[in-house]
Amino acid sequence: MTDMTWLYDWPQYIPDLLPGLWKAMTLTAISCFFGYLIGMVLALLVETPRAWVRYVALSIVEIGRGVPILVLLFVFYQGLPQAGVLLDPYPAAVLALILSAAGYSSEMIRAGLNSVPRGQSEAANSLSLSVMDNYRFVLIPQAARISIPPLVNLTIIMFQATSLATVITVPEIMQFAGIMGSATFEYMSIYIAAAVIYLCITIPGGVLSSYLEQRMGAPKKRSTRQVLLAQFRKPLGATNNKSHSASGRM
Amino acid sequence: MLEILSYIAMGASWTVAITLGSAAVGMALGAPLLVLSTSKFAAVRGIYSAIVHVVRGVPTLVWLFIAYFGVGQLGLTLSPVMASMLALSIIATAYMAEIYRGGLQAIPSGQWEAAGALNLDRFSTLRFVISPQVFRAASPSVATQIIGLLKDSALVSTVGVADLVFRAGVMTQYHADGLYMFGFAGLIYLLLSLPIAIFSRKIHTRIKRKYVIA
């Protein structure tokens with residue numbers, strides 16, 4: 001341990017990495033926007049009665065979730081030229097991240113849709129709402145409560161995953177860090193600076209996600225003890241009706 | 001063609017070794033790390049949440065490069081495999097601790113009270129009452145995390161460990177059929193994650209049959 005300057009000189013490298021931060025954020029925004037849209041479509045297709053549609057949708061989901069993003073990046077960047085499609089690094093990274101985001105988000109959206117009780121759809125049907133209206137006014141508002149917190153979490157994970165795009169030379173944070181590192185050999189300081197930049201996004205994002213989870217999320221079941229305590233603390237003559245009104249909040 | 005594919009498939013040994021190695025370290029060290037979060041001192045709990053948030057908030061690739069290039073700069077040159085194990089073990093530990101914490105919160109407070117009523121000391125309570133239930137509640141999440149580590153282990157190719165992705169890259173440079181090479185590597189990742197999922201489901205149903213889980 002000859003040299004301890006990395007403990008205090010890392011902030012000077014942050015400005016050099018900031019152009020990469022912008023690239024990483026646009027990459028996250030584009031891939032999450034399209035990824036979640038496709039994920040929603042996949043979530044609906046996985047539940048269709050037609051078997052072959054179901055299998056195609058399921059295999060896309062499983063490829064998106066089961067294959068490492070690094071492999072997807074290489075497939076789109078170094079693999080597709082074999083099929084005659086030459087992509088620039090940035091579009092290749094966008095496609096790989098979209099596939100991954102679609103796979104993960106479809107499972108989260110499906111979990112949200114499945115959490116809505118069956119009676120809700122049946123009630124919508126008996127009110128003769130169309131299928132679209134059923135989704136638009138009945139299912140999606142209730143499913144969103146369950147799905148949005150994990151989707152925010154997934155967005156943070158996708159932001160971290162953009163660091164992988166450096167292997168196909170997309171100029172994001174780690175690419176700048178690698179260039180700076182090989183020029184100055186101050187690897188420790190530079191990668192600490194990169195870690196700090198990532199933390200500046202992921203920690204506030206994590207706080208937002210846990211806030212949303214408390215705010216929306218699955219309704220918490222009260223333990224038997226809490227129910228009993230609530231019974232004892234209730235003033236005489238009060239009715240139980242009030243506790244139900246909270247469930248309509250969104 | 002068969003030689004090429006078998007050359008790529010040989011990389012699975014590093015992939016599996018690094019995945020299982022870091023998962024074992026994470027499962028072992030996650031428990032002591034979790035003890036920090038149960039401390040009665042707010043400062044110690046703060047240290048726990050700082051460690052967990054920093055480790056999980058920084059991408060795996062950054063940890064890997066800090067372990068390989070950064071530590072190397074300090075005069076302690078780690079081999080690519082050692083650096084990969086170090087980085088992935090740190091990450092696995094933080095994630096496992098959070099999984100155990102979720103399992104711990106799922107345990108009704110009556111279990112602690114009952115153990116107290118039976119005059120069990122703190123160690124016996126943890127050893128015989130709490131931890132068996134935590135492991136039961138956490139086993140599906142642990143399996144998911146191990147599959148996550150399997151996919152994270154693909155990153156070790158960037159520091160030169162000859163795993164599946166690394167070998168697929170080498171073969172692409174020789175023969176240029178990138179779609180086959182990386183497609184084959186991706187297929188092996190899917191195949192490797194299947195046994196973990198099946199094994200975990202088996203264990204979970206066995207536990208479920210043996211004990212009633214709330």
# chains A, B, ... in the order shown; residues from 1 in each chain; ligands from 1
>>> select_by_dssp(residues="segment 29-146 of chain B", states="alpha helix (DSSP H)", output="PyMOL selection string")
chain B and resi 29-37+42-57+60-65+71-73+80-105+109-117+122-124+131-146
>>> write_last_selection(atoms="C-alpha atoms", output="PDB file, in the first residue's frame")
ATOM      1  CA  LEU B  29     -21.428 -14.026   5.561  1.00  0.00           C
ATOM      2  CA  GLY B  30     -24.943 -12.664   5.068  1.00  0.00           C
ATOM      3  CA  ALA B  31     -25.992 -13.928   8.503  1.00  0.00           C
ATOM      4  CA  PRO B  32     -23.287 -12.136  10.542  1.00  0.00           C
ATOM      5  CA  LEU B  33     -23.939  -8.987   8.505  1.00  0.00           C
ATOM      6  CA  LEU B  34     -27.621  -9.275   9.348  1.00  0.00           C
ATOM      7  CA  VAL B  35     -26.761  -9.318  13.072  1.00  0.00           C
ATOM      8  CA  LEU B  36     -25.673  -5.684  12.673  1.00  0.00           C
ATOM      9  CA  SER B  37     -29.207  -4.746  11.644  1.00  0.00           C
ATOM     10  CA  ALA B  42     -28.948   3.106  16.004  1.00  0.00           C
ATOM     11  CA  ALA B  43     -25.379   3.770  14.813  1.00  0.00           C
ATOM     12  CA  VAL B  44     -24.726   0.063  14.218  1.00  0.00           C
ATOM     13  CA  ARG B  45     -28.011  -0.299  12.342  1.00  0.00           C
ATOM     14  CA  GLY B  46     -26.942   2.730  10.307  1.00  0.00           C
ATOM     15  CA  ILE B  47     -23.681   0.994   9.395  1.00  0.00           C
ATOM     16  CA  TYR B  48     -25.667  -2.031   8.209  1.00  0.00           C
ATOM     17  CA  SER B  49     -27.958  -0.019   5.972  1.00  0.00           C
ATOM     18  CA  ALA B  50     -25.045   2.038   4.640  1.00  0.00           C
ATOM     19  CA  ILE B  51     -23.155  -1.129   3.685  1.00  0.00           C
ATOM     20  CA  VAL B  52     -26.197  -2.697   2.040  1.00  0.00           C
ATOM     21  CA  HIS B  53     -27.203   0.421   0.125  1.00  0.00           C
ATOM     22  CA  VAL B  54     -23.706   1.210  -1.113  1.00  0.00           C
ATOM     23  CA  VAL B  55     -22.998  -2.375  -2.184  1.00  0.00           C
ATOM     24  CA  ARG B  56     -26.315  -2.733  -3.978  1.00  0.00           C
ATOM     25  CA  GLY B  57     -26.320   0.784  -5.406  1.00  0.00           C
ATOM     26  CA  THR B  60     -21.501  -5.132 -10.431  1.00  0.00           C
ATOM     27  CA  LEU B  61     -19.139  -4.073 -13.213  1.00  0.00           C
ATOM     28  CA  VAL B  62     -17.845  -1.163 -11.096  1.00  0.00           C
ATOM     29  CA  TRP B  63     -17.169  -3.487  -8.148  1.00  0.00           C
ATOM     30  CA  LEU B  64     -15.406  -5.890 -10.449  1.00  0.00           C
ATOM     31  CA  PHE B  65     -13.153  -3.175 -11.905  1.00  0.00           C
ATOM     32  CA  VAL B  71      -6.808  -3.104  -5.947  1.00  0.00           C
ATOM     33  CA  GLY B  72      -4.121  -3.982  -8.467  1.00  0.00           C
ATOM     34  CA  GLN B  73      -3.021  -0.334  -8.527  1.00  0.00           C
ATOM     35  CA  PRO B  80      -8.822 -12.367 -12.515  1.00  0.00           C
ATOM     36  CA  VAL B  81     -10.536 -15.267 -10.749  1.00  0.00           C
ATOM     37  CA  MET B  82      -9.668 -13.941  -7.278  1.00  0.00           C
ATOM     38  CA  ALA B  83     -10.869 -10.434  -8.166  1.00  0.00           C
ATOM     39  CA  SER B  84     -14.124 -11.849  -9.577  1.00  0.00           C
ATOM     40  CA  MET B  85     -14.707 -13.950  -6.487  1.00  0.00           C
ATOM     41  CA  LEU B  86     -14.015 -10.945  -4.259  1.00  0.00           C
ATOM     42  CA  ALA B  87     -16.408  -8.618  -6.105  1.00  0.00           C
ATOM     43  CA  LEU B  88     -19.233 -11.132  -6.515  1.00  0.00           C
ATOM     44  CA  SER B  89     -18.904 -12.341  -2.904  1.00  0.00           C
ATOM     45  CA  ILE B  90     -19.249  -8.787  -1.579  1.00  0.00           C
ATOM     46  CA  ILE B  91     -22.379  -8.284  -3.664  1.00  0.00           C
ATOM     47  CA  ALA B  92     -23.827 -11.697  -2.751  1.00  0.00           C
ATOM     48  CA  THR B  93     -23.280 -11.001   0.951  1.00  0.00           C
ATOM     49  CA  ALA B  94     -25.236  -7.749   0.859  1.00  0.00           C
ATOM     50  CA  TYR B  95     -28.110  -9.281  -1.108  1.00  0.00           C
ATOM     51  CA  MET B  96     -28.286 -12.400   1.089  1.00  0.00           C
ATOM     52  CA  ALA B  97     -28.350 -10.261   4.249  1.00  0.00           C
ATOM     53  CA  GLU B  98     -31.320  -8.332   2.870  1.00  0.00           C
ATOM     54  CA  ILE B  99     -33.077 -11.604   1.953  1.00  0.00           C
ATOM     55  CA  TYR B 100     -32.502 -12.988   5.457  1.00  0.00           C
ATOM     56  CA  ARG B 101     -33.826  -9.722   6.879  1.00  0.00           C
ATOM     57  CA  GLY B 102     -37.028 -10.160   4.864  1.00  0.00           C
ATOM     58  CA  GLY B 103     -37.346 -13.682   6.272  1.00  0.00           C
ATOM     59  CA  LEU B 104     -36.707 -12.389   9.785  1.00  0.00           C
ATOM     60  CA  GLN B 105     -39.473  -9.821   9.489  1.00  0.00           C
ATOM     61  CA  SER B 109     -43.323 -11.661  17.310  1.00  0.00           C
ATOM     62  CA  GLY B 110     -45.064 -14.466  19.242  1.00  0.00           C
ATOM     63  CA  GLN B 111     -42.117 -16.729  18.385  1.00  0.00           C
ATOM     64  CA  TRP B 112     -39.697 -14.414  20.211  1.00  0.00           C
ATOM     65  CA  GLU B 113     -42.114 -14.062  23.104  1.00  0.00           C
ATOM     66  CA  ALA B 114     -42.631 -17.836  23.351  1.00  0.00           C
ATOM     67  CA  ALA B 115     -38.871 -18.389  23.350  1.00  0.00           C
ATOM     68  CA  GLY B 116     -38.569 -15.764  26.083  1.00  0.00           C
ATOM     69  CA  ALA B 117     -41.324 -17.476  28.073  1.00  0.00           C
ATOM     70  CA  ARG B 122     -30.501 -15.176  22.903  1.00  0.00           C
ATOM     71  CA  PHE B 123     -28.244 -17.687  21.167  1.00  0.00           C
ATOM     72  CA  SER B 124     -30.635 -20.606  21.647  1.00  0.00           C
ATOM     73  CA  SER B 131     -33.049 -19.264  12.099  1.00  0.00           C
ATOM     74  CA  PRO B 132     -34.796 -22.488  10.951  1.00  0.00           C
ATOM     75  CA  GLN B 133     -37.887 -20.441  10.184  1.00  0.00           C
ATOM     76  CA  VAL B 134     -35.887 -17.711   8.462  1.00  0.00           C
ATOM     77  CA  PHE B 135     -34.230 -20.215   6.142  1.00  0.00           C
ATOM     78  CA  ARG B 136     -37.581 -21.766   5.318  1.00  0.00           C
ATOM     79  CA  ALA B 137     -39.173 -18.427   4.521  1.00  0.00           C
ATOM     80  CA  ALA B 138     -36.134 -17.212   2.555  1.00  0.00           C
ATOM     81  CA  SER B 139     -35.337 -20.292   0.464  1.00  0.00           C
ATOM     82  CA  PRO B 140     -37.185 -19.211  -2.736  1.00  0.00           C
ATOM     83  CA  SER B 141     -35.555 -15.759  -2.655  1.00  0.00           C
ATOM     84  CA  VAL B 142     -32.141 -17.332  -2.095  1.00  0.00           C
ATOM     85  CA  ALA B 143     -32.631 -19.472  -5.207  1.00  0.00           C
ATOM     86  CA  THR B 144     -33.662 -16.401  -7.225  1.00  0.00           C
ATOM     87  CA  GLN B 145     -30.550 -14.638  -5.986  1.00  0.00           C
ATOM     88  CA  ILE B 146     -28.308 -17.537  -6.994  1.00  0.00           C
TER      89      ILE B 146
END
>>> interface_residues(of="chain A", to="chain B", cutoff="9 Å", atoms="only C-alpha atoms", output="number ranges by chain")
A: 1-4, 62-63, 66-72, 74-83, 156-157, 159-164, 167, 174, 181, 185-192, 194-203, 206, 223
>>> closest_residue(among="A:Val85, A:Val94, A:Trp22, A:Asn153", to="Ser210 of chain A", atoms="only C-alpha atoms")
A:Asn153
>>> atom_distance(atom1="atom CA of Ala177 of chain A", atom2="atom CA of Trp6 of chain A")
14.6 Å
>>> residues_around(residues="Gly20 of chain A", least_positions_apart="6", cutoff="9 Å", atoms="only C-alpha atoms", output="ChimeraX atom specification")
/A:171-177
>>> write_last_selection(atoms="C-alpha atoms", output="PDB file, in the first residue's frame")
ATOM      1  CA  PRO A 171     -19.719   6.085 -24.417  1.00  0.00           C
ATOM      2  CA  GLU A 172     -21.324   5.878 -20.970  1.00  0.00           C
ATOM      3  CA  ILE A 173     -19.814   6.318 -17.509  1.00  0.00           C
ATOM      4  CA  MET A 174     -17.663   3.193 -17.445  1.00  0.00           C
ATOM      5  CA  GLN A 175     -16.368   3.855 -20.952  1.00  0.00           C
ATOM      6  CA  PHE A 176     -15.108   7.294 -19.911  1.00  0.00           C
ATOM      7  CA  ALA A 177     -13.729   5.751 -16.715  1.00  0.00           C
TER       8      ALA A 177
END
>>> atom_distance(atom1="atom CA of Ser105 of chain A", atom2="atom CA of Gly39 of chain A")
5.3 Å
>>> residues_around(residues="segment 142-150 of chain A", least_positions_apart="2", cutoff="7 Å", atoms="only C-alpha atoms", output="PyMOL selection string")
chain A and resi 108-109+112-113+115-116+138-140+152-154+209+212-213+216-218
>>> residues_around(residues="Ser13 of chain B", least_positions_apart="4", cutoff="9 Å", atoms="only C-alpha atoms", output="number ranges by chain")
B: 9, 17-18, 163-164
>>> closest_residue(among="A:Ala43, A:Tyr36, A:Tyr135, A:Val170", to="Ser100 of chain A", atoms="only C-alpha atoms")
A:Tyr36
>>> atom_distance(atom1="atom CA of Phe34 of chain A", atom2="atom CA of Ala101 of chain A")
8.5 Å
